>>> print(open('target-v3.cif').read())   # mmCIF, N, CA and C atoms
data_protein
#
loop_
_atom_site.label_atom_id
_atom_site.label_comp_id
_atom_site.auth_asym_id
_atom_site.auth_seq_id
_atom_site.Cartn_x
_atom_site.Cartn_y
_atom_site.Cartn_z
N GLN A 168 9.48 -30.55 27.85
CA GLN A 168 10.78 -31.17 27.68
C GLN A 168 11.43 -30.63 26.40
N LEU A 169 12.64 -30.09 26.55
CA LEU A 169 13.36 -29.56 25.39
C LEU A 169 13.72 -30.70 24.46
N GLN A 170 13.38 -30.56 23.18
CA GLN A 170 13.72 -31.56 22.18
C GLN A 170 14.66 -30.94 21.16
N LEU A 171 15.76 -31.63 20.90
CA LEU A 171 16.76 -31.16 19.96
C LEU A 171 16.82 -32.08 18.76
N VAL A 172 16.97 -31.50 17.59
CA VAL A 172 17.04 -32.28 16.36
C VAL A 172 18.25 -31.84 15.56
N GLU A 173 19.15 -32.78 15.29
CA GLU A 173 20.32 -32.50 14.48
C GLU A 173 20.03 -32.81 13.01
N SER A 174 20.69 -32.08 12.14
CA SER A 174 20.60 -32.35 10.71
C SER A 174 21.88 -31.89 10.04
N GLY A 175 22.07 -32.30 8.78
CA GLY A 175 23.21 -31.84 8.01
C GLY A 175 24.33 -32.85 7.84
N GLY A 176 24.19 -34.00 8.48
CA GLY A 176 25.22 -35.02 8.32
C GLY A 176 25.19 -35.64 6.94
N GLY A 177 26.20 -36.45 6.65
CA GLY A 177 26.26 -37.12 5.36
C GLY A 177 27.63 -37.66 5.08
N LEU A 178 27.83 -38.02 3.82
CA LEU A 178 29.11 -38.55 3.35
C LEU A 178 29.87 -37.44 2.63
N VAL A 179 31.13 -37.26 3.00
CA VAL A 179 31.94 -36.21 2.38
C VAL A 179 33.35 -36.74 2.20
N GLN A 180 34.04 -36.25 1.18
CA GLN A 180 35.42 -36.66 0.95
C GLN A 180 36.37 -35.93 1.89
N PRO A 181 37.51 -36.53 2.18
CA PRO A 181 38.51 -35.83 3.01
C PRO A 181 38.83 -34.46 2.42
N GLY A 182 38.92 -33.48 3.31
CA GLY A 182 39.15 -32.10 2.89
C GLY A 182 37.88 -31.33 2.63
N GLY A 183 36.76 -32.01 2.62
CA GLY A 183 35.48 -31.37 2.36
C GLY A 183 34.88 -30.71 3.59
N SER A 184 33.66 -30.19 3.42
CA SER A 184 32.99 -29.45 4.49
C SER A 184 31.56 -29.93 4.64
N LEU A 185 31.07 -29.78 5.85
CA LEU A 185 29.66 -29.99 6.17
C LEU A 185 29.25 -28.96 7.21
N ARG A 186 27.98 -28.62 7.22
CA ARG A 186 27.46 -27.78 8.29
C ARG A 186 26.32 -28.51 8.98
N LEU A 187 26.51 -28.78 10.25
CA LEU A 187 25.48 -29.41 11.06
C LEU A 187 24.60 -28.35 11.70
N SER A 188 23.33 -28.68 11.86
CA SER A 188 22.39 -27.79 12.53
C SER A 188 21.77 -28.51 13.72
N CYS A 189 21.49 -27.75 14.74
CA CYS A 189 20.81 -28.26 15.93
C CYS A 189 19.64 -27.32 16.18
N ALA A 190 18.45 -27.83 15.99
CA ALA A 190 17.25 -27.01 16.14
C ALA A 190 16.41 -27.53 17.30
N ALA A 191 15.65 -26.62 17.88
CA ALA A 191 14.78 -26.99 18.99
C ALA A 191 13.34 -26.75 18.62
N SER A 192 12.49 -27.61 19.15
CA SER A 192 11.05 -27.42 18.96
C SER A 192 10.42 -27.13 20.32
N ARG A 193 9.41 -26.34 20.33
CA ARG A 193 8.57 -26.05 21.50
C ARG A 193 9.22 -25.13 22.52
N PHE A 194 10.56 -25.08 22.58
CA PHE A 194 11.23 -24.22 23.55
C PHE A 194 12.30 -23.39 22.85
N THR A 195 12.55 -22.20 23.36
CA THR A 195 13.61 -21.39 22.82
C THR A 195 14.96 -21.85 23.36
N LEU A 196 15.98 -21.76 22.50
CA LEU A 196 17.34 -22.10 22.91
C LEU A 196 18.06 -20.91 23.52
N ASP A 197 17.41 -19.76 23.59
CA ASP A 197 18.07 -18.52 24.00
C ASP A 197 18.78 -18.64 25.35
N TYR A 198 18.24 -19.46 26.25
CA TYR A 198 18.75 -19.50 27.61
C TYR A 198 19.59 -20.75 27.89
N TYR A 199 20.03 -21.38 26.81
CA TYR A 199 20.80 -22.61 26.96
C TYR A 199 22.18 -22.48 26.34
N ALA A 200 23.17 -23.02 27.04
CA ALA A 200 24.46 -23.29 26.40
C ALA A 200 24.29 -24.57 25.59
N ILE A 201 24.94 -24.62 24.44
CA ILE A 201 24.80 -25.76 23.53
C ILE A 201 26.17 -26.37 23.27
N GLY A 202 26.20 -27.68 23.31
CA GLY A 202 27.44 -28.39 23.00
C GLY A 202 27.24 -29.37 21.86
N TRP A 203 28.31 -29.58 21.12
CA TRP A 203 28.34 -30.63 20.10
C TRP A 203 29.28 -31.73 20.59
N PHE A 204 28.84 -32.96 20.44
CA PHE A 204 29.60 -34.14 20.84
C PHE A 204 29.65 -35.09 19.65
N ARG A 205 30.57 -36.05 19.71
CA ARG A 205 30.59 -37.08 18.69
C ARG A 205 31.01 -38.41 19.31
N GLN A 206 30.56 -39.47 18.66
CA GLN A 206 30.94 -40.81 19.10
C GLN A 206 31.23 -41.67 17.87
N ALA A 207 32.46 -42.10 17.78
CA ALA A 207 32.88 -42.98 16.70
C ALA A 207 32.70 -44.43 17.14
N PRO A 208 32.58 -45.36 16.19
CA PRO A 208 32.40 -46.77 16.55
C PRO A 208 33.53 -47.26 17.45
N GLY A 209 33.15 -47.89 18.55
CA GLY A 209 34.13 -48.45 19.47
C GLY A 209 34.82 -47.45 20.36
N LYS A 210 34.40 -46.19 20.30
CA LYS A 210 35.03 -45.15 21.11
C LYS A 210 34.01 -44.49 22.01
N GLU A 211 34.51 -43.83 23.05
CA GLU A 211 33.64 -43.10 23.94
C GLU A 211 33.20 -41.78 23.29
N ARG A 212 32.06 -41.29 23.75
CA ARG A 212 31.60 -39.99 23.28
C ARG A 212 32.55 -38.90 23.77
N GLU A 213 32.83 -37.94 22.89
CA GLU A 213 33.73 -36.85 23.26
C GLU A 213 33.11 -35.50 22.92
N GLY A 214 33.44 -34.51 23.73
CA GLY A 214 32.99 -33.16 23.45
C GLY A 214 33.80 -32.55 22.32
N VAL A 215 33.11 -31.88 21.40
CA VAL A 215 33.76 -31.29 20.23
C VAL A 215 33.83 -29.77 20.35
N SER A 216 32.69 -29.16 20.67
CA SER A 216 32.64 -27.71 20.74
C SER A 216 31.42 -27.30 21.55
N CYS A 217 31.46 -26.09 22.10
CA CYS A 217 30.32 -25.59 22.85
C CYS A 217 30.25 -24.08 22.72
N ILE A 218 29.05 -23.54 22.99
CA ILE A 218 28.82 -22.11 22.85
C ILE A 218 27.89 -21.65 23.96
N SER A 219 28.18 -20.49 24.51
CA SER A 219 27.37 -19.94 25.59
C SER A 219 26.05 -19.41 25.06
N MET A 220 25.12 -19.09 25.96
CA MET A 220 23.81 -18.62 25.53
C MET A 220 23.91 -17.33 24.74
N SER A 221 24.88 -16.50 25.06
CA SER A 221 25.04 -15.23 24.34
C SER A 221 25.77 -15.40 23.02
N GLY A 222 26.45 -16.54 22.85
CA GLY A 222 27.27 -16.75 21.66
C GLY A 222 28.65 -16.14 21.77
N ALA A 223 28.90 -15.42 22.85
CA ALA A 223 30.17 -14.70 22.98
C ALA A 223 31.31 -15.57 23.46
N ASN A 224 31.00 -16.73 24.02
CA ASN A 224 32.03 -17.61 24.56
C ASN A 224 31.92 -18.97 23.90
N THR A 225 33.03 -19.46 23.38
CA THR A 225 33.06 -20.76 22.72
C THR A 225 34.27 -21.56 23.16
N ASN A 226 34.22 -22.84 22.93
CA ASN A 226 35.36 -23.71 23.25
C ASN A 226 35.39 -24.84 22.23
N TYR A 227 36.60 -25.34 21.97
CA TYR A 227 36.79 -26.40 20.99
C TYR A 227 37.75 -27.45 21.52
N ALA A 228 37.50 -28.69 21.15
CA ALA A 228 38.48 -29.74 21.41
C ALA A 228 39.72 -29.48 20.56
N ASP A 229 40.87 -29.86 21.08
CA ASP A 229 42.12 -29.63 20.34
C ASP A 229 42.08 -30.26 18.96
N SER A 230 41.41 -31.38 18.83
CA SER A 230 41.40 -32.12 17.57
C SER A 230 40.66 -31.39 16.44
N VAL A 231 39.84 -30.39 16.80
CA VAL A 231 39.05 -29.70 15.77
C VAL A 231 39.35 -28.21 15.69
N LYS A 232 40.21 -27.71 16.57
CA LYS A 232 40.52 -26.27 16.55
C LYS A 232 41.08 -25.86 15.20
N GLY A 233 40.58 -24.74 14.71
CA GLY A 233 41.02 -24.23 13.42
C GLY A 233 40.29 -24.84 12.24
N ARG A 234 39.50 -25.89 12.48
CA ARG A 234 38.76 -26.53 11.38
C ARG A 234 37.25 -26.42 11.57
N PHE A 235 36.78 -26.44 12.80
CA PHE A 235 35.35 -26.38 13.11
C PHE A 235 35.02 -25.01 13.70
N THR A 236 33.80 -24.55 13.40
CA THR A 236 33.33 -23.28 13.96
C THR A 236 31.90 -23.45 14.44
N ILE A 237 31.67 -23.12 15.69
CA ILE A 237 30.32 -23.19 16.24
C ILE A 237 29.72 -21.79 16.25
N SER A 238 28.42 -21.72 15.99
CA SER A 238 27.73 -20.43 16.00
C SER A 238 26.27 -20.69 16.33
N ARG A 239 25.57 -19.59 16.63
CA ARG A 239 24.15 -19.74 16.92
C ARG A 239 23.38 -18.57 16.33
N ASP A 240 22.15 -18.86 15.93
CA ASP A 240 21.23 -17.86 15.42
C ASP A 240 19.97 -17.99 16.26
N ASN A 241 19.89 -17.18 17.29
CA ASN A 241 18.76 -17.31 18.21
C ASN A 241 17.44 -16.95 17.55
N ALA A 242 17.47 -16.12 16.52
CA ALA A 242 16.24 -15.79 15.80
C ALA A 242 15.67 -17.02 15.10
N LYS A 243 16.57 -17.94 14.70
CA LYS A 243 16.14 -19.18 14.05
C LYS A 243 16.10 -20.35 15.02
N ASN A 244 16.44 -20.06 16.28
CA ASN A 244 16.42 -21.12 17.31
C ASN A 244 17.30 -22.30 16.90
N THR A 245 18.47 -21.99 16.37
CA THR A 245 19.34 -23.01 15.79
C THR A 245 20.80 -22.73 16.15
N VAL A 246 21.54 -23.80 16.39
CA VAL A 246 22.99 -23.72 16.59
C VAL A 246 23.64 -24.52 15.47
N TYR A 247 24.75 -24.00 14.96
CA TYR A 247 25.42 -24.62 13.83
C TYR A 247 26.82 -25.09 14.22
N LEU A 248 27.28 -26.11 13.51
CA LEU A 248 28.68 -26.52 13.59
C LEU A 248 29.19 -26.63 12.16
N GLN A 249 29.99 -25.63 11.77
CA GLN A 249 30.62 -25.63 10.45
C GLN A 249 31.89 -26.46 10.55
N MET A 250 31.98 -27.49 9.73
CA MET A 250 33.13 -28.39 9.77
C MET A 250 33.86 -28.33 8.43
N ASP A 251 35.07 -27.84 8.46
CA ASP A 251 35.90 -27.71 7.27
C ASP A 251 37.12 -28.61 7.38
N SER A 252 37.79 -28.83 6.25
CA SER A 252 39.00 -29.65 6.22
C SER A 252 38.78 -30.98 6.93
N LEU A 253 37.69 -31.62 6.62
CA LEU A 253 37.32 -32.85 7.32
C LEU A 253 38.31 -33.97 7.04
N LYS A 254 38.51 -34.78 8.07
CA LYS A 254 39.44 -35.91 8.01
C LYS A 254 38.68 -37.21 8.26
N PRO A 255 39.20 -38.33 7.82
CA PRO A 255 38.52 -39.60 8.10
C PRO A 255 38.28 -39.83 9.59
N GLU A 256 39.17 -39.33 10.43
CA GLU A 256 39.00 -39.52 11.87
C GLU A 256 37.88 -38.67 12.46
N ASP A 257 37.27 -37.80 11.65
CA ASP A 257 36.10 -37.06 12.10
C ASP A 257 34.82 -37.87 11.94
N THR A 258 34.92 -39.04 11.32
CA THR A 258 33.76 -39.89 11.13
C THR A 258 33.17 -40.30 12.47
N ALA A 259 31.88 -40.04 12.65
CA ALA A 259 31.23 -40.33 13.92
C ALA A 259 29.75 -39.96 13.82
N VAL A 260 29.00 -40.33 14.83
CA VAL A 260 27.66 -39.77 15.02
C VAL A 260 27.83 -38.51 15.86
N TYR A 261 27.28 -37.42 15.37
CA TYR A 261 27.39 -36.13 16.04
C TYR A 261 26.07 -35.80 16.73
N TYR A 262 26.19 -35.39 17.98
CA TYR A 262 25.04 -35.06 18.81
C TYR A 262 25.14 -33.61 19.28
N CYS A 263 23.99 -32.94 19.37
CA CYS A 263 23.99 -31.68 20.09
C CYS A 263 23.29 -31.88 21.43
N ALA A 264 23.64 -31.05 22.38
CA ALA A 264 23.11 -31.15 23.73
C ALA A 264 22.98 -29.75 24.31
N ALA A 265 22.10 -29.61 25.29
CA ALA A 265 21.82 -28.31 25.89
C ALA A 265 21.91 -28.38 27.41
N LYS A 266 22.29 -27.24 27.97
CA LYS A 266 22.31 -27.08 29.42
C LYS A 266 21.82 -25.69 29.75
N GLY A 267 20.84 -25.58 30.61
CA GLY A 267 20.31 -24.29 31.00
C GLY A 267 21.37 -23.42 31.65
N SER A 268 21.40 -22.14 31.25
CA SER A 268 22.46 -21.24 31.71
C SER A 268 22.06 -20.40 32.90
N MET A 269 20.77 -20.41 33.26
CA MET A 269 20.28 -19.62 34.40
C MET A 269 20.73 -18.17 34.28
N GLY A 270 20.67 -17.64 33.08
CA GLY A 270 20.98 -16.24 32.86
C GLY A 270 22.44 -15.89 32.75
N ARG A 271 23.31 -16.85 32.88
CA ARG A 271 24.75 -16.58 32.81
C ARG A 271 25.20 -16.57 31.34
N ARG A 272 25.39 -15.39 30.82
CA ARG A 272 25.58 -15.22 29.39
C ARG A 272 26.88 -15.84 28.88
N TRP A 273 27.90 -15.95 29.71
CA TRP A 273 29.19 -16.46 29.27
C TRP A 273 29.43 -17.90 29.74
N TYR A 274 28.45 -18.50 30.34
CA TYR A 274 28.59 -19.82 30.96
C TYR A 274 28.83 -20.91 29.93
N LEU A 275 29.87 -21.71 30.14
CA LEU A 275 30.13 -22.91 29.36
C LEU A 275 30.16 -24.10 30.31
N PRO A 276 29.19 -24.99 30.21
CA PRO A 276 29.17 -26.16 31.09
C PRO A 276 30.37 -27.07 30.85
N SER A 277 30.71 -27.85 31.85
CA SER A 277 31.67 -28.92 31.59
C SER A 277 30.99 -29.96 30.71
N TRP A 278 31.78 -30.79 30.06
CA TRP A 278 31.22 -31.73 29.10
C TRP A 278 30.19 -32.66 29.73
N GLY A 279 30.34 -32.95 30.99
CA GLY A 279 29.45 -33.90 31.65
C GLY A 279 28.16 -33.31 32.19
N GLU A 280 27.97 -31.99 32.03
CA GLU A 280 26.81 -31.34 32.64
C GLU A 280 25.59 -31.24 31.72
N TYR A 281 25.74 -31.53 30.43
CA TYR A 281 24.62 -31.36 29.52
C TYR A 281 23.53 -32.38 29.82
N ASP A 282 22.26 -31.93 29.76
CA ASP A 282 21.19 -32.81 30.19
C ASP A 282 20.02 -32.90 29.23
N HIS A 283 20.13 -32.29 28.05
CA HIS A 283 19.13 -32.48 27.00
C HIS A 283 19.89 -32.86 25.75
N TRP A 284 19.46 -33.94 25.10
CA TRP A 284 20.23 -34.50 23.98
C TRP A 284 19.37 -34.73 22.75
N GLY A 285 19.98 -34.55 21.59
CA GLY A 285 19.34 -34.93 20.35
C GLY A 285 19.63 -36.38 20.02
N GLN A 286 19.11 -36.82 18.89
CA GLN A 286 19.24 -38.22 18.47
C GLN A 286 20.50 -38.49 17.67
N GLY A 287 21.13 -37.45 17.17
CA GLY A 287 22.39 -37.62 16.45
C GLY A 287 22.23 -37.63 14.94
N THR A 288 23.33 -37.28 14.26
CA THR A 288 23.38 -37.32 12.82
C THR A 288 24.74 -37.90 12.41
N GLN A 289 24.73 -38.78 11.42
CA GLN A 289 25.95 -39.48 11.03
C GLN A 289 26.78 -38.61 10.09
N VAL A 290 28.06 -38.53 10.38
CA VAL A 290 29.03 -37.87 9.50
C VAL A 290 30.07 -38.91 9.11
N THR A 291 30.24 -39.11 7.82
CA THR A 291 31.22 -40.07 7.31
C THR A 291 32.17 -39.35 6.36
N VAL A 292 33.45 -39.42 6.68
CA VAL A 292 34.48 -38.79 5.84
C VAL A 292 35.29 -39.90 5.19
N SER A 293 35.10 -40.03 3.90
CA SER A 293 35.75 -41.14 3.19
C SER A 293 35.86 -40.83 1.71
N SER A 294 36.91 -41.33 1.10
CA SER A 294 37.05 -41.18 -0.35
C SER A 294 36.46 -42.39 -1.06
#
>>> encode(input="target-v3.cif", output="structure tokens")
Amino acid sequence: QLQLVESGGGLVQPGGSLRLSCAASRFTLDYYAIGWFRQAPGKEREGVSCISMSGANTNYADSVKGRFTISRDNAKNTVYLQMDSLKPEDTAVYYCAAKGSMGRRWYLPSWGEYDHWGQGTQVTVSS
């Protein structure tokens, strides 16, 4: 069973930056598309960004375009979410999730297709 572990969350002031990491144990992430999601208190979980197994294809929610950057380092078996120009409305628990790509290097799953999930990391943007 693929296990994902998020790290890098914390408290940051508005305008600040954080880098989240999503690491896997026991299995390689090379063959998985990875997505980042977030859930704020009282709100539904929403997709934030995703990256194909090759890293060549990415997608972002409109609310984070130009501020967040997703990347992957398959040698380190880790996917990153660089978050810049953070706003209070970015406050949420952030989750990473994986979906097997079956060899499709450019494949980006729909938000509802991810089937392996981490436990989440809290991001709080506040002065």
>>> resolve_selection(input="target-v3.cif", expression="the PyMOL selection byres ((chain A and resi 240-252) around 6)", output="list of chain:residue names")
A:Pro181, A:Gly182, A:Gly183, A:Ser184, A:Leu185, A:Arg186, A:Leu187, A:Ser188, A:Cys189, A:Ala190, A:Ala191, A:Leu196, A:Asp197, A:Arg234, A:Phe235, A:Thr236, A:Ile237, A:Ser238, A:Arg239, A:Leu253, A:Lys254
>>> residues_around(input="target-v3.cif", residues="stretch 284-294 of chain A", least_positions_apart="4", cutoff="10 Å", atoms="only C-alpha atoms", output="ChimeraX atom specification")
/A:169-185,187-191,201-207,253-266
>>> select_by_dssp(input="target-v3.cif", residues="stretch 186-273 of chain A", states="strand (DSSP E)", output="VMD selection string")
chain A and resid 186 to 192 199 to 206 213 to 218 225 to 227 235 to 240 245 to 250 259 to 267
>>> closest_residue(input="target-v3.cif", among="A:Tyr227, A:Gly209, A:Ala200, A:Val215", to="A:Arg271", atoms="only C-alpha atoms")
A:Ala200
>>> atom_distance(input="target-v3.cif", atom1="atom C of A:Ser277", atom2="atom C of A:Ser219")
12.9 Å
>>> closest_residue(input="target-v3.cif", among="A:Asn226, A:Tyr199, A:Pro208, A:Asp282", to="A:Met269", atoms="only C-alpha atoms")
A:Tyr199
>>> resolve_selection(input="target-v3.cif", expression="the PyMOL selection byres (((chain A and resi 278 and name CA) around 9) and name CA)", output="PDB file with N, CA and C atoms, in the frame of the given file")
ATOM      1  N   GLY A 202      26.200 -27.680  23.310  1.00  0.00           N
ATOM      2  CA  GLY A 202      27.440 -28.390  23.000  1.00  0.00           C
ATOM      3  C   GLY A 202      27.240 -29.370  21.860  1.00  0.00           C
ATOM      4  N   PHE A 204      28.840 -32.960  20.440  1.00  0.00           N
ATOM      5  CA  PHE A 204      29.600 -34.140  20.840  1.00  0.00           C
ATOM      6  C   PHE A 204      29.650 -35.090  19.650  1.00  0.00           C
ATOM      7  N   GLU A 213      32.830 -37.940  22.890  1.00  0.00           N
ATOM      8  CA  GLU A 213      33.730 -36.850  23.260  1.00  0.00           C
ATOM      9  C   GLU A 213      33.110 -35.500  22.920  1.00  0.00           C
ATOM     10  N   GLY A 214      33.440 -34.510  23.730  1.00  0.00           N
ATOM     11  CA  GLY A 214      32.990 -33.160  23.450  1.00  0.00           C
ATOM     12  C   GLY A 214      33.800 -32.550  22.320  1.00  0.00           C
ATOM     13  N   CYS A 217      31.460 -26.090  22.100  1.00  0.00           N
ATOM     14  CA  CYS A 217      30.320 -25.590  22.850  1.00  0.00           C
ATOM     15  C   CYS A 217      30.250 -24.080  22.720  1.00  0.00           C
ATOM     16  N   LEU A 275      29.870 -21.710  30.140  1.00  0.00           N
ATOM     17  CA  LEU A 275      30.130 -22.910  29.360  1.00  0.00           C
ATOM     18  C   LEU A 275      30.160 -24.100  30.310  1.00  0.00           C
ATOM     19  N   PRO A 276      29.190 -24.990  30.210  1.00  0.00           N
ATOM     20  CA  PRO A 276      29.170 -26.160  31.090  1.00  0.00           C
ATOM     21  C   PRO A 276      30.370 -27.070  30.850  1.00  0.00           C
ATOM     22  N   SER A 277      30.710 -27.850  31.850  1.00  0.00           N
ATOM     23  CA  SER A 277      31.670 -28.920  31.590  1.00  0.00           C
ATOM     24  C   SER A 277      30.990 -29.960  30.710  1.00  0.00           C
ATOM     25  N   GLY A 279      30.340 -32.950  30.990  1.00  0.00           N
ATOM     26  CA  GLY A 279      29.450 -33.900  31.650  1.00  0.00           C
ATOM     27  C   GLY A 279      28.160 -33.310  32.190  1.00  0.00           C
ATOM     28  N   GLU A 280      27.970 -31.990  32.030  1.00  0.00           N
ATOM     29  CA  GLU A 280      26.810 -31.340  32.640  1.00  0.00           C
ATOM     30  C   GLU A 280      25.590 -31.240  31.720  1.00  0.00           C
ATOM     31  N   TYR A 281      25.740 -31.530  30.430  1.00  0.00           N
ATOM     32  CA  TYR A 281      24.620 -31.360  29.520  1.00  0.00           C
ATOM     33  C   TYR A 281      23.530 -32.380  29.820  1.00  0.00           C
TER      34      TYR A 281
END
>>> decode(input="target-v3.cif", residues="stretch 224-235 of chain A", atoms="N, CA, C and O atoms", output="compact mmCIF listing (two decimals), in the first residue's frame")
# COMPACT_ATOMS: atom_id res chain seq x y z
N ASN A 224 3.73 17.89 -17.22
CA ASN A 224 2.38 18.46 -17.28
C ASN A 224 1.92 18.81 -15.88
O ASN A 224 2.01 18.00 -14.96
N THR A 225 1.45 20.04 -15.71
CA THR A 225 0.98 20.50 -14.41
C THR A 225 -0.33 21.27 -14.57
O THR A 225 -0.68 21.71 -15.67
N ASN A 226 -1.03 21.42 -13.48
CA ASN A 226 -2.26 22.19 -13.48
C ASN A 226 -2.41 22.87 -12.12
O ASN A 226 -1.92 22.35 -11.10
N TYR A 227 -3.08 24.02 -12.12
CA TYR A 227 -3.27 24.79 -10.90
C TYR A 227 -4.69 25.31 -10.81
O TYR A 227 -5.30 25.68 -11.82
N ALA A 228 -5.19 25.37 -9.59
CA ALA A 228 -6.46 26.06 -9.37
C ALA A 228 -6.26 27.55 -9.63
O ALA A 228 -5.18 28.09 -9.40
N ASP A 229 -7.31 28.20 -10.10
CA ASP A 229 -7.21 29.63 -10.41
C ASP A 229 -6.76 30.44 -9.20
O ASP A 229 -6.05 31.44 -9.34
N SER A 230 -7.16 30.02 -8.02
CA SER A 230 -6.87 30.78 -6.80
C SER A 230 -5.39 30.80 -6.44
O SER A 230 -4.95 31.64 -5.64
N VAL A 231 -4.60 29.88 -7.02
CA VAL A 231 -3.17 29.82 -6.66
C VAL A 231 -2.25 30.03 -7.84
O VAL A 231 -1.02 30.06 -7.67
N LYS A 232 -2.80 30.20 -9.04
CA LYS A 232 -1.96 30.40 -10.22
C LYS A 232 -1.07 31.62 -10.05
O LYS A 232 -1.52 32.68 -9.60
N GLY A 233 0.19 31.45 -10.40
CA GLY A 233 1.15 32.54 -10.29
C GLY A 233 1.77 32.66 -8.91
O GLY A 233 2.72 33.43 -8.73
N ARG A 234 1.24 31.93 -7.93
CA ARG A 234 1.79 31.99 -6.56
C ARG A 234 2.36 30.66 -6.11
O ARG A 234 3.33 30.62 -5.35
N PHE A 235 1.77 29.56 -6.55
CA PHE A 235 2.21 28.22 -6.16
C PHE A 235 2.90 27.54 -7.34
O PHE A 235 2.50 27.74 -8.50
